[in-house]
$ cat query-v5.cif   # mmCIF, C-alpha atoms
data_data
loop_
_atom_site.label_atom_id
_atom_site.label_comp_id
_atom_site.auth_asym_id
_atom_site.auth_seq_id
_atom_site.Cartn_x
_atom_site.Cartn_y
_atom_site.Cartn_z
CA MET K 6 -10.70 66.06 -156.11
CA ARG K 7 -13.21 66.26 -158.92
CA ARG K 8 -11.73 66.28 -162.37
CA ALA K 9 -12.09 69.63 -164.12
CA PHE K 10 -14.16 69.61 -167.26
CA ASP K 11 -15.58 72.13 -169.68
CA PRO K 12 -18.79 71.13 -171.46
CA THR K 13 -18.96 74.21 -173.70
CA VAL K 14 -18.76 72.35 -177.00
CA TYR K 15 -19.68 68.78 -176.21
CA LEU K 16 -19.41 66.32 -179.08
CA VAL K 17 -21.71 63.32 -178.68
CA THR K 18 -20.68 60.69 -181.20
CA ASP K 19 -22.91 58.89 -183.64
CA ARG K 20 -21.05 56.63 -186.05
CA PRO K 21 -23.86 56.22 -188.58
CA LEU K 22 -24.08 60.01 -188.89
CA CYS K 23 -20.39 60.19 -189.76
CA GLY K 24 -21.36 58.95 -193.20
CA GLY K 25 -18.60 56.40 -193.62
CA ARG K 26 -15.87 58.65 -192.26
CA ASP K 27 -13.74 57.31 -189.42
CA LEU K 28 -15.10 58.34 -186.04
CA ALA K 29 -11.56 58.97 -184.79
CA TRP K 30 -11.01 61.47 -187.60
CA VAL K 31 -14.31 63.26 -186.92
CA THR K 32 -13.52 63.38 -183.20
CA ALA K 33 -9.97 64.64 -183.70
CA GLU K 34 -11.17 67.32 -186.12
CA ALA K 35 -13.90 68.46 -183.73
CA ALA K 36 -11.37 68.66 -180.90
CA ARG K 37 -8.91 70.61 -183.06
CA GLY K 38 -11.69 73.05 -183.85
CA GLY K 39 -12.58 73.59 -180.23
CA ALA K 40 -14.73 70.76 -178.88
CA THR K 41 -14.08 70.72 -175.15
CA LEU K 42 -15.61 67.36 -174.17
CA VAL K 43 -16.43 64.16 -176.06
CA GLN K 44 -19.02 61.53 -175.26
CA LEU K 45 -18.65 58.17 -176.99
CA ARG K 46 -22.09 56.74 -177.60
CA GLU K 47 -22.40 53.27 -179.13
CA LYS K 48 -25.67 51.43 -179.09
CA GLU K 49 -24.87 48.52 -181.41
CA ALA K 50 -21.19 47.71 -180.88
CA SER K 51 -20.01 44.62 -179.03
CA THR K 52 -18.28 45.27 -175.73
CA ARG K 53 -14.94 44.52 -177.34
CA GLU K 54 -15.50 46.92 -180.26
CA PHE K 55 -16.80 49.61 -177.90
CA LEU K 56 -13.73 49.24 -175.71
CA LYS K 57 -11.39 49.48 -178.70
CA LEU K 58 -13.11 52.64 -179.88
CA ALA K 59 -12.89 54.13 -176.40
CA GLY K 60 -9.17 53.37 -176.32
CA ARG K 61 -8.62 54.97 -179.71
CA LEU K 62 -10.53 58.13 -178.84
CA LYS K 63 -8.87 58.42 -175.44
CA ALA K 64 -5.42 58.11 -177.01
CA LEU K 65 -6.11 60.95 -179.41
CA LEU K 66 -7.97 63.20 -176.95
CA ASP K 67 -5.63 62.89 -173.97
CA PRO K 68 -2.79 64.88 -175.58
CA MET K 69 -5.32 67.59 -176.49
CA GLY K 70 -6.59 67.81 -172.92
CA VAL K 71 -10.14 66.89 -173.94
CA PRO K 72 -11.79 64.43 -171.55
CA LEU K 73 -13.63 61.39 -172.89
CA VAL K 74 -16.96 60.42 -171.34
CA ILE K 75 -18.66 57.10 -172.07
CA ASN K 76 -22.38 56.87 -172.71
CA ASP K 77 -24.16 54.43 -170.41
CA ARG K 78 -21.38 51.89 -169.91
CA VAL K 79 -19.45 52.03 -166.65
CA ASP K 80 -17.58 48.86 -167.66
CA ILE K 81 -16.20 50.52 -170.78
CA ALA K 82 -15.26 53.63 -168.83
CA LEU K 83 -13.45 51.65 -166.15
CA ALA K 84 -11.63 49.37 -168.56
CA SER K 85 -10.54 52.21 -170.88
CA GLY K 86 -9.69 54.69 -168.16
CA ALA K 87 -12.14 57.24 -169.55
CA ALA K 88 -12.78 60.38 -167.53
CA GLY K 89 -16.43 59.73 -166.89
CA VAL K 90 -19.83 58.34 -167.75
CA HIS K 91 -23.01 59.92 -169.04
CA VAL K 92 -26.28 58.17 -168.26
CA GLY K 93 -29.88 58.60 -169.26
CA GLN K 94 -33.06 57.51 -167.58
CA SER K 95 -32.91 53.91 -168.87
CA ASP K 96 -29.22 53.47 -168.11
CA MET K 97 -27.59 52.61 -164.82
CA PRO K 98 -28.96 54.74 -161.95
CA TRP K 99 -26.63 57.67 -161.34
CA ARG K 100 -26.01 56.86 -157.69
CA ASP K 101 -24.63 53.48 -158.78
CA VAL K 102 -22.56 55.17 -161.48
CA ARG K 103 -20.91 57.50 -158.95
CA ARG K 104 -20.31 54.63 -156.53
CA LEU K 105 -18.60 52.54 -159.21
CA MET K 106 -16.71 55.36 -160.93
CA GLY K 107 -15.38 56.98 -157.77
CA PRO K 108 -15.24 60.62 -156.66
CA GLU K 109 -12.95 61.89 -159.42
CA ALA K 110 -14.99 60.81 -162.39
CA ILE K 111 -17.21 63.10 -164.44
CA VAL K 112 -20.80 61.90 -164.08
CA GLY K 113 -23.45 63.40 -166.35
CA LEU K 114 -27.16 62.75 -166.37
CA SER K 115 -29.79 63.31 -169.05
CA VAL K 116 -33.01 64.74 -167.68
CA ASP K 117 -36.26 65.51 -169.42
CA THR K 118 -38.26 66.75 -166.46
CA LEU K 119 -37.75 69.36 -163.79
CA ALA K 120 -38.39 66.68 -161.16
CA GLN K 121 -35.45 64.62 -162.40
CA ALA K 122 -33.23 67.69 -162.31
CA ALA K 123 -34.37 68.61 -158.81
CA GLU K 124 -33.72 65.09 -157.56
CA ALA K 125 -30.12 65.18 -158.79
CA GLU K 126 -29.69 68.70 -157.38
CA ASN K 127 -30.79 67.52 -153.96
CA GLU K 128 -28.00 64.97 -153.75
CA GLY K 129 -25.21 67.46 -154.14
CA ALA K 130 -22.09 66.34 -155.96
CA VAL K 131 -23.20 62.90 -157.18
CA VAL K 132 -23.98 64.26 -160.65
CA ASP K 133 -21.65 66.86 -162.15
CA TYR K 134 -23.79 68.26 -164.95
CA LEU K 135 -27.19 67.77 -166.49
CA GLY K 136 -27.97 67.17 -170.13
CA VAL K 137 -31.30 68.85 -170.80
CA GLY K 138 -33.35 68.19 -173.86
CA PRO K 139 -34.45 67.86 -176.45
CA VAL K 140 -34.27 71.63 -176.72
CA PHE K 141 -35.30 71.49 -180.36
CA ALA K 142 -37.04 68.84 -182.48
CA THR K 143 -34.51 66.20 -183.41
CA ALA K 144 -34.27 63.55 -186.09
CA THR K 145 -31.34 61.82 -184.35
CA LYS K 146 -33.39 60.48 -181.48
CA PRO K 147 -36.92 59.93 -182.75
CA ASP K 148 -38.01 58.48 -179.39
CA ALA K 149 -37.14 61.71 -177.55
CA GLY K 150 -40.01 63.68 -176.07
CA ALA K 151 -41.53 66.94 -177.32
CA PRO K 152 -38.94 69.71 -177.65
CA LEU K 153 -38.58 72.02 -174.65
CA GLY K 154 -37.85 75.14 -176.65
CA LEU K 155 -35.82 77.97 -175.18
CA ASP K 156 -38.43 78.77 -172.55
CA GLY K 157 -38.67 75.16 -171.43
CA PHE K 158 -34.90 74.90 -171.24
CA ALA K 159 -34.70 78.08 -169.15
CA GLU K 160 -37.05 76.56 -166.55
CA PHE K 161 -34.30 74.16 -165.48
CA PHE K 162 -32.17 76.96 -164.09
CA LYS K 163 -34.85 77.46 -161.41
CA VAL K 164 -34.37 73.99 -159.93
CA THR K 165 -30.63 73.41 -160.15
CA GLN K 166 -27.28 75.09 -159.80
CA LYS K 167 -25.55 72.41 -161.82
CA PRO K 168 -24.07 73.20 -165.23
CA LEU K 169 -26.77 72.63 -167.84
CA VAL K 170 -25.87 71.25 -171.24
CA ALA K 171 -28.49 71.71 -173.93
CA ILE K 172 -29.06 68.81 -176.31
CA GLY K 173 -31.37 68.15 -179.23
CA ALA K 174 -30.85 69.53 -182.73
CA VAL K 175 -28.30 72.08 -181.55
CA THR K 176 -26.52 73.75 -184.46
CA GLU K 177 -24.31 76.74 -185.14
CA ARG K 178 -27.51 78.70 -185.80
CA ASN K 179 -29.21 78.15 -182.47
CA ALA K 180 -26.27 77.60 -180.09
CA GLU K 181 -25.75 81.25 -179.27
CA ALA K 182 -29.32 81.63 -177.99
CA LEU K 183 -28.70 78.74 -175.60
CA PHE K 184 -25.46 80.23 -174.31
CA ARG K 185 -27.22 83.59 -173.81
CA LEU K 186 -29.77 81.82 -171.61
CA GLY K 187 -26.94 80.49 -169.47
CA ALA K 188 -26.21 77.06 -170.89
CA ALA K 189 -22.82 75.80 -169.73
CA GLY K 190 -22.53 73.91 -172.95
CA VAL K 191 -24.18 72.49 -176.00
CA ALA K 192 -24.18 68.75 -176.71
CA VAL K 193 -23.97 68.36 -180.44
CA VAL K 194 -24.58 65.16 -182.35
CA SER K 195 -25.47 65.47 -186.01
CA ALA K 196 -24.28 69.06 -186.46
CA LEU K 197 -20.75 67.81 -185.72
CA CYS K 198 -20.78 64.17 -186.83
CA ALA K 199 -22.33 64.99 -190.19
CA ALA K 200 -20.53 68.32 -190.66
CA LYS K 201 -18.52 68.71 -193.84
CA SER K 202 -15.78 70.14 -191.65
CA PRO K 203 -16.24 69.10 -188.01
CA ARG K 204 -13.28 71.33 -187.20
CA GLU K 205 -14.87 74.49 -188.62
CA THR K 206 -18.24 73.70 -187.12
CA ALA K 207 -16.69 73.14 -183.70
CA ALA K 208 -14.87 76.45 -184.04
CA ARG K 209 -18.12 78.26 -184.85
CA LEU K 210 -19.90 76.61 -181.92
CA ARG K 211 -17.04 77.69 -179.68
CA ALA K 212 -17.29 81.21 -181.04
CA ALA K 213 -21.03 81.19 -180.34
CA SER K 214 -20.24 80.51 -176.68
CA GLN K 215 -18.06 83.58 -176.63
CA GLY K 216 -20.91 85.78 -177.75
CA LEU K 217 -19.25 86.50 -181.05
CA ASP K 218 -21.63 87.58 -183.74
CA SER K 219 -19.17 86.57 -186.39
CA ILE K 220 -20.78 83.31 -187.39
CA PRO K 221 -20.79 83.33 -191.18
CA ASP K 222 -23.53 81.80 -193.23
CA TYR K 223 -22.79 78.23 -194.06
CA PRO K 224 -24.12 75.72 -196.55
CA ARG K 225 -26.99 73.48 -195.57
CA PHE K 226 -24.94 70.33 -195.19
CA LEU K 227 -26.41 69.47 -191.83
CA ARG K 228 -29.12 66.91 -191.41
CA GLY K 229 -32.43 67.56 -189.69
CA MET Z 23 -9.67 33.95 -151.56
CA ARG Z 24 -11.43 32.75 -154.69
CA ARG Z 25 -15.16 32.25 -154.28
CA ALA Z 26 -16.16 28.59 -154.43
CA PHE Z 27 -18.44 27.63 -157.27
CA ASP Z 28 -19.88 24.47 -158.75
CA PRO Z 29 -20.66 24.56 -162.48
CA THR Z 30 -22.22 21.08 -162.62
CA VAL Z 31 -25.66 22.23 -163.77
CA TYR Z 32 -25.18 25.70 -165.15
CA LEU Z 33 -28.31 27.52 -166.25
CA VAL Z 34 -27.66 30.16 -168.92
CA THR Z 35 -30.76 32.31 -169.23
CA ASP Z 36 -32.60 33.20 -172.38
CA ARG Z 37 -35.79 35.17 -171.79
CA PRO Z 38 -37.32 34.61 -175.24
CA LEU Z 39 -36.96 30.84 -174.74
CA CYS Z 40 -38.93 31.05 -171.49
CA GLY Z 41 -42.01 31.36 -173.65
CA GLY Z 42 -43.69 34.16 -171.72
CA ARG Z 43 -42.93 32.69 -168.31
CA ASP Z 44 -41.18 34.92 -165.79
CA LEU Z 45 -37.42 34.42 -165.89
CA ALA Z 46 -37.28 34.62 -162.10
CA TRP Z 47 -39.71 31.70 -161.85
CA VAL Z 48 -37.75 29.62 -164.36
CA THR Z 49 -34.52 30.39 -162.53
CA ALA Z 50 -35.92 29.61 -159.09
CA GLU Z 51 -37.39 26.34 -160.33
CA ALA Z 52 -34.11 25.31 -161.96
CA ALA Z 53 -32.23 26.11 -158.75
CA ARG Z 54 -34.74 24.14 -156.66
CA GLY Z 55 -34.23 21.20 -158.99
CA GLY Z 56 -30.48 21.30 -158.65
CA ALA Z 57 -28.95 23.99 -160.88
CA THR Z 58 -25.67 24.90 -159.22
CA LEU Z 59 -24.78 28.11 -161.07
CA VAL Z 60 -26.77 30.69 -163.05
CA GLN Z 61 -25.61 33.00 -165.80
CA LEU Z 62 -27.84 35.95 -166.66
CA ARG Z 63 -27.54 36.67 -170.35
CA GLU Z 64 -29.39 39.65 -171.81
CA LYS Z 65 -28.59 40.94 -175.24
CA GLU Z 66 -31.48 43.38 -175.77
CA ALA Z 67 -32.28 44.83 -172.35
CA SER Z 68 -31.41 48.39 -171.38
CA THR Z 69 -28.77 48.71 -168.68
CA ARG Z 70 -31.45 49.62 -166.18
CA GLU Z 71 -33.64 46.60 -167.01
CA PHE Z 72 -30.60 44.31 -167.00
CA LEU Z 73 -29.59 45.59 -163.58
CA LYS Z 74 -33.10 45.10 -162.20
CA LEU Z 75 -33.18 41.52 -163.48
CA ALA Z 76 -29.77 40.86 -161.96
CA GLY Z 77 -30.99 42.19 -158.62
CA ARG Z 78 -34.10 39.99 -158.73
CA LEU Z 79 -32.19 36.84 -159.60
CA LYS Z 80 -29.50 37.52 -157.02
CA ALA Z 81 -32.11 38.03 -154.31
CA LEU Z 82 -33.71 34.67 -155.04
CA LEU Z 83 -30.47 32.74 -155.60
CA ASP Z 84 -28.47 34.03 -152.62
CA PRO Z 85 -30.59 32.19 -150.01
CA MET Z 86 -30.23 29.00 -152.07
CA GLY Z 87 -26.43 29.34 -152.19
CA VAL Z 88 -26.40 29.47 -155.99
CA PRO Z 89 -24.00 32.10 -157.37
CA LEU Z 90 -25.12 34.48 -160.13
CA VAL Z 91 -22.76 35.22 -162.99
CA ILE Z 92 -23.42 38.00 -165.49
CA ASN Z 93 -22.85 37.52 -169.20
CA ASP Z 94 -20.49 40.11 -170.73
CA ARG Z 95 -21.31 43.09 -168.52
CA VAL Z 96 -18.87 43.92 -165.74
CA ASP Z 97 -20.89 47.05 -164.96
CA ILE Z 98 -24.01 45.01 -164.21
CA ALA Z 99 -22.00 42.56 -162.12
CA LEU Z 100 -20.37 45.31 -160.07
CA ALA Z 101 -23.57 47.28 -159.54
CA SER Z 102 -25.64 44.23 -158.60
CA GLY Z 103 -22.99 42.53 -156.50
CA ALA Z 104 -23.13 39.41 -158.64
CA ALA Z 105 -20.54 36.71 -158.00
CA GLY Z 106 -18.89 36.92 -161.38
CA VAL Z 107 -18.81 37.56 -165.09
CA HIS Z 108 -18.74 35.26 -168.09
CA VAL Z 109 -17.24 36.61 -171.30
CA GLY Z 110 -16.96 35.42 -174.85
CA GLN Z 111 -14.53 36.35 -177.58
CA SER Z 112 -16.34 39.57 -178.57
CA ASP Z 113 -16.87 40.74 -174.99
CA MET Z 114 -14.44 42.50 -172.70
CA PRO Z 115 -11.00 40.83 -172.73
CA TRP Z 116 -10.74 38.49 -169.75
CA ARG Z 117 -7.64 40.13 -168.29
CA ASP Z 118 -9.63 43.38 -168.02
CA VAL Z 119 -12.55 41.50 -166.50
CA ARG Z 120 -10.37 40.04 -163.76
CA ARG Z 121 -8.72 43.41 -163.10
CA LEU Z 122 -12.10 45.14 -162.71
CA MET Z 123 -13.88 42.35 -160.84
CA GLY Z 124 -11.12 41.65 -158.34
CA PRO Z 125 -9.56 38.40 -157.14
CA GLU Z 126 -12.69 36.93 -155.53
CA ALA Z 127 -14.98 37.03 -158.51
CA ILE Z 128 -15.83 34.05 -160.68
CA VAL Z 129 -14.52 34.73 -164.19
CA GLY Z 130 -15.57 32.41 -166.99
CA LEU Z 131 -14.50 32.45 -170.61
CA SER Z 132 -16.06 30.94 -173.72
CA VAL Z 133 -13.54 29.35 -176.04
CA ASP Z 134 -14.00 27.75 -179.40
CA THR Z 135 -10.41 26.87 -180.17
CA LEU Z 136 -7.66 24.99 -178.36
CA ALA Z 137 -5.41 28.02 -178.77
CA GLN Z 138 -7.83 30.21 -176.82
CA ALA Z 139 -8.00 27.60 -174.07
CA ALA Z 140 -4.22 27.27 -173.94
CA GLU Z 141 -3.79 31.03 -173.72
CA ALA Z 142 -6.09 31.24 -170.68
CA GLU Z 143 -4.36 28.20 -169.14
CA ASN Z 144 -0.99 29.90 -169.43
CA GLU Z 145 -2.09 32.84 -167.30
CA GLY Z 146 -2.98 30.79 -164.28
CA ALA Z 147 -5.85 31.95 -162.12
CA VAL Z 148 -7.15 34.84 -164.25
CA VAL Z 149 -9.94 32.69 -165.69
CA ASP Z 150 -11.70 30.22 -163.38
CA TYR Z 151 -13.40 27.95 -165.88
CA LEU Z 152 -13.83 27.58 -169.62
CA GLY Z 153 -17.08 27.27 -171.50
CA VAL Z 154 -16.37 24.99 -174.45
CA GLY Z 155 -18.69 24.69 -177.38
CA PRO Z 156 -20.79 24.28 -179.23
CA VAL Z 157 -20.52 20.61 -178.33
CA PHE Z 158 -23.63 19.83 -180.38
CA ALA Z 159 -25.44 21.69 -183.14
CA THR Z 160 -27.54 24.45 -181.61
CA ALA Z 161 -30.52 26.48 -182.72
CA THR Z 162 -30.10 28.97 -179.84
CA LYS Z 163 -26.94 30.53 -181.21
CA PRO Z 164 -27.10 30.25 -184.99
CA ASP Z 165 -23.83 32.20 -185.34
CA ALA Z 166 -21.90 29.61 -183.34
CA GLY Z 167 -19.30 27.55 -185.21
CA ALA Z 168 -19.48 23.91 -186.27
CA PRO Z 169 -20.20 21.56 -183.38
CA LEU Z 170 -17.16 20.02 -181.69
CA GLY Z 171 -18.79 16.69 -180.94
CA LEU Z 172 -17.63 14.57 -178.02
CA ASP Z 173 -14.20 13.97 -179.53
CA GLY Z 174 -13.63 17.64 -180.20
CA PHE Z 175 -14.71 18.51 -176.68
CA ALA Z 176 -12.33 15.91 -175.22
CA GLU Z 177 -9.38 17.58 -176.98
CA PHE Z 178 -9.62 20.54 -174.62
CA PHE Z 179 -8.57 18.43 -171.64
CA LYS Z 180 -5.16 18.11 -173.26
CA VAL Z 181 -4.45 21.86 -173.13
CA THR Z 182 -5.93 22.94 -169.83
CA GLN Z 183 -6.42 21.91 -166.23
CA LYS Z 184 -9.30 24.35 -165.78
CA PRO Z 185 -12.82 23.06 -165.20
CA LEU Z 186 -14.49 22.66 -168.58
CA VAL Z 187 -18.16 23.42 -169.00
CA ALA Z 188 -19.77 22.01 -172.13
CA ILE Z 189 -22.25 24.23 -173.96
CA GLY Z 190 -24.35 23.89 -177.09
CA ALA Z 191 -27.57 21.90 -177.32
CA VAL Z 192 -26.89 20.09 -174.05
CA THR Z 193 -29.94 18.15 -172.88
CA GLU Z 194 -30.83 15.46 -170.38
CA ARG Z 195 -30.13 12.94 -173.12
CA ASN Z 196 -26.53 13.90 -173.89
CA ALA Z 197 -25.35 15.38 -170.57
CA GLU Z 198 -24.18 12.10 -169.09
CA ALA Z 199 -21.78 11.46 -171.97
CA LEU Z 200 -20.20 14.85 -171.32
CA PHE Z 201 -19.80 14.18 -167.62
CA ARG Z 202 -18.25 10.79 -168.39
CA LEU Z 203 -15.66 12.56 -170.53
CA GLY Z 204 -14.75 14.70 -167.54
CA ALA Z 205 -16.84 17.84 -168.00
CA ALA Z 206 -17.03 19.81 -164.76
CA GLY Z 207 -20.44 20.99 -165.80
CA VAL Z 208 -22.96 21.48 -168.53
CA ALA Z 209 -24.20 24.93 -169.52
CA VAL Z 210 -27.82 24.56 -170.47
CA VAL Z 211 -29.90 27.17 -172.25
CA SER Z 212 -32.99 25.96 -174.06
CA ALA Z 213 -33.24 22.58 -172.33
CA LEU Z 214 -33.87 24.46 -169.07
CA CYS Z 215 -35.45 27.76 -170.20
CA ALA Z 216 -37.98 26.03 -172.43
CA ALA Z 217 -38.49 22.99 -170.20
CA LYS Z 218 -42.06 22.25 -169.13
CA SER Z 219 -40.65 21.75 -165.64
CA PRO Z 220 -37.25 23.44 -165.26
CA ARG Z 221 -37.11 21.91 -161.79
CA GLU Z 222 -37.45 18.33 -163.00
CA THR Z 223 -35.10 18.90 -165.91
CA ALA Z 224 -32.47 20.38 -163.59
CA ALA Z 225 -32.87 17.39 -161.28
CA ARG Z 226 -32.33 14.98 -164.17
CA LEU Z 227 -29.24 16.92 -165.34
CA ARG Z 228 -27.91 16.78 -161.81
CA ALA Z 229 -28.56 13.06 -161.68
CA ALA Z 230 -26.70 12.66 -164.97
CA SER Z 231 -23.65 14.23 -163.33
CA GLN Z 232 -23.81 11.61 -160.62
CA GLY Z 233 -23.55 8.81 -163.14
CA LEU Z 234 -27.04 7.63 -162.39
CA ASP Z 235 -28.61 5.61 -165.15
CA SER Z 236 -32.04 6.40 -163.83
CA ILE Z 237 -32.94 9.11 -166.31
CA PRO Z 238 -36.46 8.27 -167.42
CA ASP Z 239 -37.71 8.89 -170.88
CA TYR Z 240 -39.38 12.21 -171.14
CA PRO Z 241 -41.68 13.91 -173.63
CA ARG Z 242 -40.22 15.88 -176.49
CA PHE Z 243 -41.01 19.31 -175.09
CA LEU Z 244 -37.55 20.69 -175.72
CA ARG Z 245 -36.77 22.89 -178.63
CA GLY Z 246 -34.08 22.22 -181.16
#

$ encode --input "query-v5.cif" --output "structure tokens"
Amino acid sequence: MRRAFDPTVYLVTDRPLCGGRDLAWVTAEAARGGATLVQLREKEASTREFLKLAGRLKALLDPMGVPLVINDRVDIALASGAAGVHVGQSDMPWRDVRRLMGPEAIVGLSVDTLAQAAEAENEGAVVDYLGVGPVFATATKPDAGAPLGLDGFAEFFKVTQKPLVAIGAVTERNAEALFRLGAAGVAVVSALCAAKSPRETAARLRAASQGLDSIPDYPRFLRG
Amino acid sequence: MRRAFDPTVYLVTDRPLCGGRDLAWVTAEAARGGATLVQLREKEASTREFLKLAGRLKALLDPMGVPLVINDRVDIALASGAAGVHVGQSDMPWRDVRRLMGPEAIVGLSVDTLAQAAEAENEGAVVDYLGVGPVFATATKPDAGAPLGLDGFAEFFKVTQKPLVAIGAVTERNAEALFRLGAAGVAVVSALCAAKSPRETAARLRAASQGLDSIPDYPRFLRG
């Protein structure tokens, strides 16, 4: 049986953006505030460091019921017992990821084109959700393509029934518009990792998903 | 049953050292000349590129009966169906590698201290062979420790029964001395990747393992 998961407030980690704060603290705070899913993304770490980090995050997230997904690396996911893997277009092909991770794992795929989304849709349950972006212009991933905007994001609902997670410069200010369009979740990098209070920011993102119009103004401590 | 393998002439790949030549060509030539085992090592490639390279090398080595081992990445090994994984001290811990790769895989471990070798020895068949080095001063891996020299290499036979593969600036000139000490193999990076003829160099390394004193002088085309 497929593992249940809720991508509503999806923290995607970025250690440099944590500004010297411990990633485990940022992650725990985000989860306490309402993050529902965490993706550990490490592009520079050695395999051993990456695995240690995965173990630390899993140990703190498991008791909170928040699944941990590993970016790109099936080996790290398997060795750490993480709940799943998220891959992009230059990572392991998603059919291989599903084959190696087994039927219970969460498998997510980043898509930038409708064709990529349609291809995953046509293979049924291999991929569990799609990360779609960049929805807005982002400083975190300078190599990302031109932003889709809200209209571009909405196009993806025409080609797939899978849960769509919006990514790319998502903040407390623009999250609600994405949820109103039908996003199953928002993947948030800098707005959480660099937040003064990741807990409060996660709580406001969670509130945005509930259609609450109670998001207070907040200081401009976010990058980008 | 454990897969049979012969580490006598062990090519460890380094694409930059191939000097613009296709790695598949270098690998095929080395195997034709007598390389008995190949380790694909990629530190910069994306997972997708790495996997493609692994697939290409496996396809050319399988018909020649030369097993392919993947450096560090269990995910690449599993997805490509490679014969094994070689890990160092900052890669995945070797007990995890064996657990994920299963009992038939070739699992190799780089050690730089006698204590590391003894630890692997004490756990029986988890690790199949040890890479010991650097035996000589190397330009390929500037972060490697001080060279062991022949005497330092010989110390490792006192703490382990496992096949020992010498690594670190091994060339046609010094390979025979290592075999005479009892090395099960020599792991060769630049002396094969940068060789004018990887085939001829592999043949001479193979000859060195057979105690032949017929190694002709050769031009100084090797780096380092």

$ resolve_selection --input "query-v5.cif" --expression "the PyMOL selection byres ((chain Z) within 12 of (chain K))" --output "mmCIF file with C-alpha atoms, in the frame of the given file"
data_model
loop_
_atom_site.group_PDB
_atom_site.id
_atom_site.type_symbol
_atom_site.label_atom_id
_atom_site.label_comp_id
_atom_site.auth_asym_id
_atom_site.auth_seq_id
_atom_site.Cartn_x
_atom_site.Cartn_y
_atom_site.Cartn_z
ATOM 1 C CA LYS Z 65 -28.590 40.940 -175.240
ATOM 2 C CA GLU Z 66 -31.480 43.380 -175.770
ATOM 3 C CA ALA Z 67 -32.280 44.830 -172.350
ATOM 4 C CA SER Z 68 -31.410 48.390 -171.380
ATOM 5 C CA THR Z 69 -28.770 48.710 -168.680
ATOM 6 C CA ARG Z 70 -31.450 49.620 -166.180
ATOM 7 C CA GLU Z 71 -33.640 46.600 -167.010
ATOM 8 C CA PHE Z 72 -30.600 44.310 -167.000
ATOM 9 C CA LEU Z 73 -29.590 45.590 -163.580
ATOM 10 C CA LYS Z 74 -33.100 45.100 -162.200
ATOM 11 C CA ASN Z 93 -22.850 37.520 -169.200
ATOM 12 C CA ASP Z 94 -20.490 40.110 -170.730
ATOM 13 C CA ARG Z 95 -21.310 43.090 -168.520
ATOM 14 C CA VAL Z 96 -18.870 43.920 -165.740
ATOM 15 C CA ASP Z 97 -20.890 47.050 -164.960
ATOM 16 C CA ILE Z 98 -24.010 45.010 -164.210
ATOM 17 C CA ALA Z 99 -22.000 42.560 -162.120
ATOM 18 C CA LEU Z 100 -20.370 45.310 -160.070
ATOM 19 C CA ALA Z 101 -23.570 47.280 -159.540
ATOM 20 C CA SER Z 102 -25.640 44.230 -158.600
ATOM 21 C CA GLY Z 103 -22.990 42.530 -156.500
ATOM 22 C CA VAL Z 107 -18.810 37.560 -165.090
ATOM 23 C CA VAL Z 109 -17.240 36.610 -171.300
ATOM 24 C CA GLY Z 110 -16.960 35.420 -174.850
ATOM 25 C CA GLN Z 111 -14.530 36.350 -177.580
ATOM 26 C CA SER Z 112 -16.340 39.570 -178.570
ATOM 27 C CA ASP Z 113 -16.870 40.740 -174.990
ATOM 28 C CA MET Z 114 -14.440 42.500 -172.700
ATOM 29 C CA PRO Z 115 -11.000 40.830 -172.730
ATOM 30 C CA TRP Z 116 -10.740 38.490 -169.750
ATOM 31 C CA ARG Z 117 -7.640 40.130 -168.290
ATOM 32 C CA ASP Z 118 -9.630 43.380 -168.020
ATOM 33 C CA VAL Z 119 -12.550 41.500 -166.500
ATOM 34 C CA ARG Z 120 -10.370 40.040 -163.760
ATOM 35 C CA ARG Z 121 -8.720 43.410 -163.100
ATOM 36 C CA LEU Z 122 -12.100 45.140 -162.710
ATOM 37 C CA MET Z 123 -13.880 42.350 -160.840
#

$ residues_around --input "query-v5.cif" --residues "Lys63 (chain K)" --least-positions-apart "4" --cutoff "7 Å" --atoms "all atoms listed in the file" --output "ChimeraX atom specification"
/K:59,67,73,87

$ resolve_selection --input "query-v5.cif" --expression "the PyMOL selection byres ((chain K and resi 168) around 7)" --output "list in words"
Tyr134, Leu135, Gln166, Lys167, Leu169, Val170 and Ala189 of chain K

$ residues_around --input "query-v5.cif" --residues "Leu28 (chain K)" --least-positions-apart "2" --cutoff "12 Å" --atoms "all atoms listed in the file" --output "compact mmCIF listing (two decimals) with C-alpha atoms, in the coordinates of the input"
# COMPACT_ATOMS: atom_id res chain seq x y z
CA LEU K 16 -19.41 66.32 -179.08
CA VAL K 17 -21.71 63.32 -178.68
CA THR K 18 -20.68 60.69 -181.20
CA ASP K 19 -22.91 58.89 -183.64
CA ARG K 20 -21.05 56.63 -186.05
CA PRO K 21 -23.86 56.22 -188.58
CA LEU K 22 -24.08 60.01 -188.89
CA CYS K 23 -20.39 60.19 -189.76
CA GLY K 24 -21.36 58.95 -193.20
CA GLY K 25 -18.60 56.40 -193.62
CA ARG K 26 -15.87 58.65 -192.26
CA TRP K 30 -11.01 61.47 -187.60
CA VAL K 31 -14.31 63.26 -186.92
CA THR K 32 -13.52 63.38 -183.20
CA ALA K 33 -9.97 64.64 -183.70
CA GLU K 34 -11.17 67.32 -186.12
CA ALA K 35 -13.90 68.46 -183.73
CA VAL K 43 -16.43 64.16 -176.06
CA GLN K 44 -19.02 61.53 -175.26
CA LEU K 45 -18.65 58.17 -176.99
CA ARG K 46 -22.09 56.74 -177.60
CA GLU K 47 -22.40 53.27 -179.13
CA LEU K 58 -13.11 52.64 -179.88
CA ALA K 59 -12.89 54.13 -176.40
CA ARG K 61 -8.62 54.97 -179.71
CA LEU K 62 -10.53 58.13 -178.84
CA LEU K 65 -6.11 60.95 -179.41
CA LEU K 197 -20.75 67.81 -185.72
CA CYS K 198 -20.78 64.17 -186.83
CA ALA K 199 -22.33 64.99 -190.19
CA PRO K 203 -16.24 69.10 -188.01
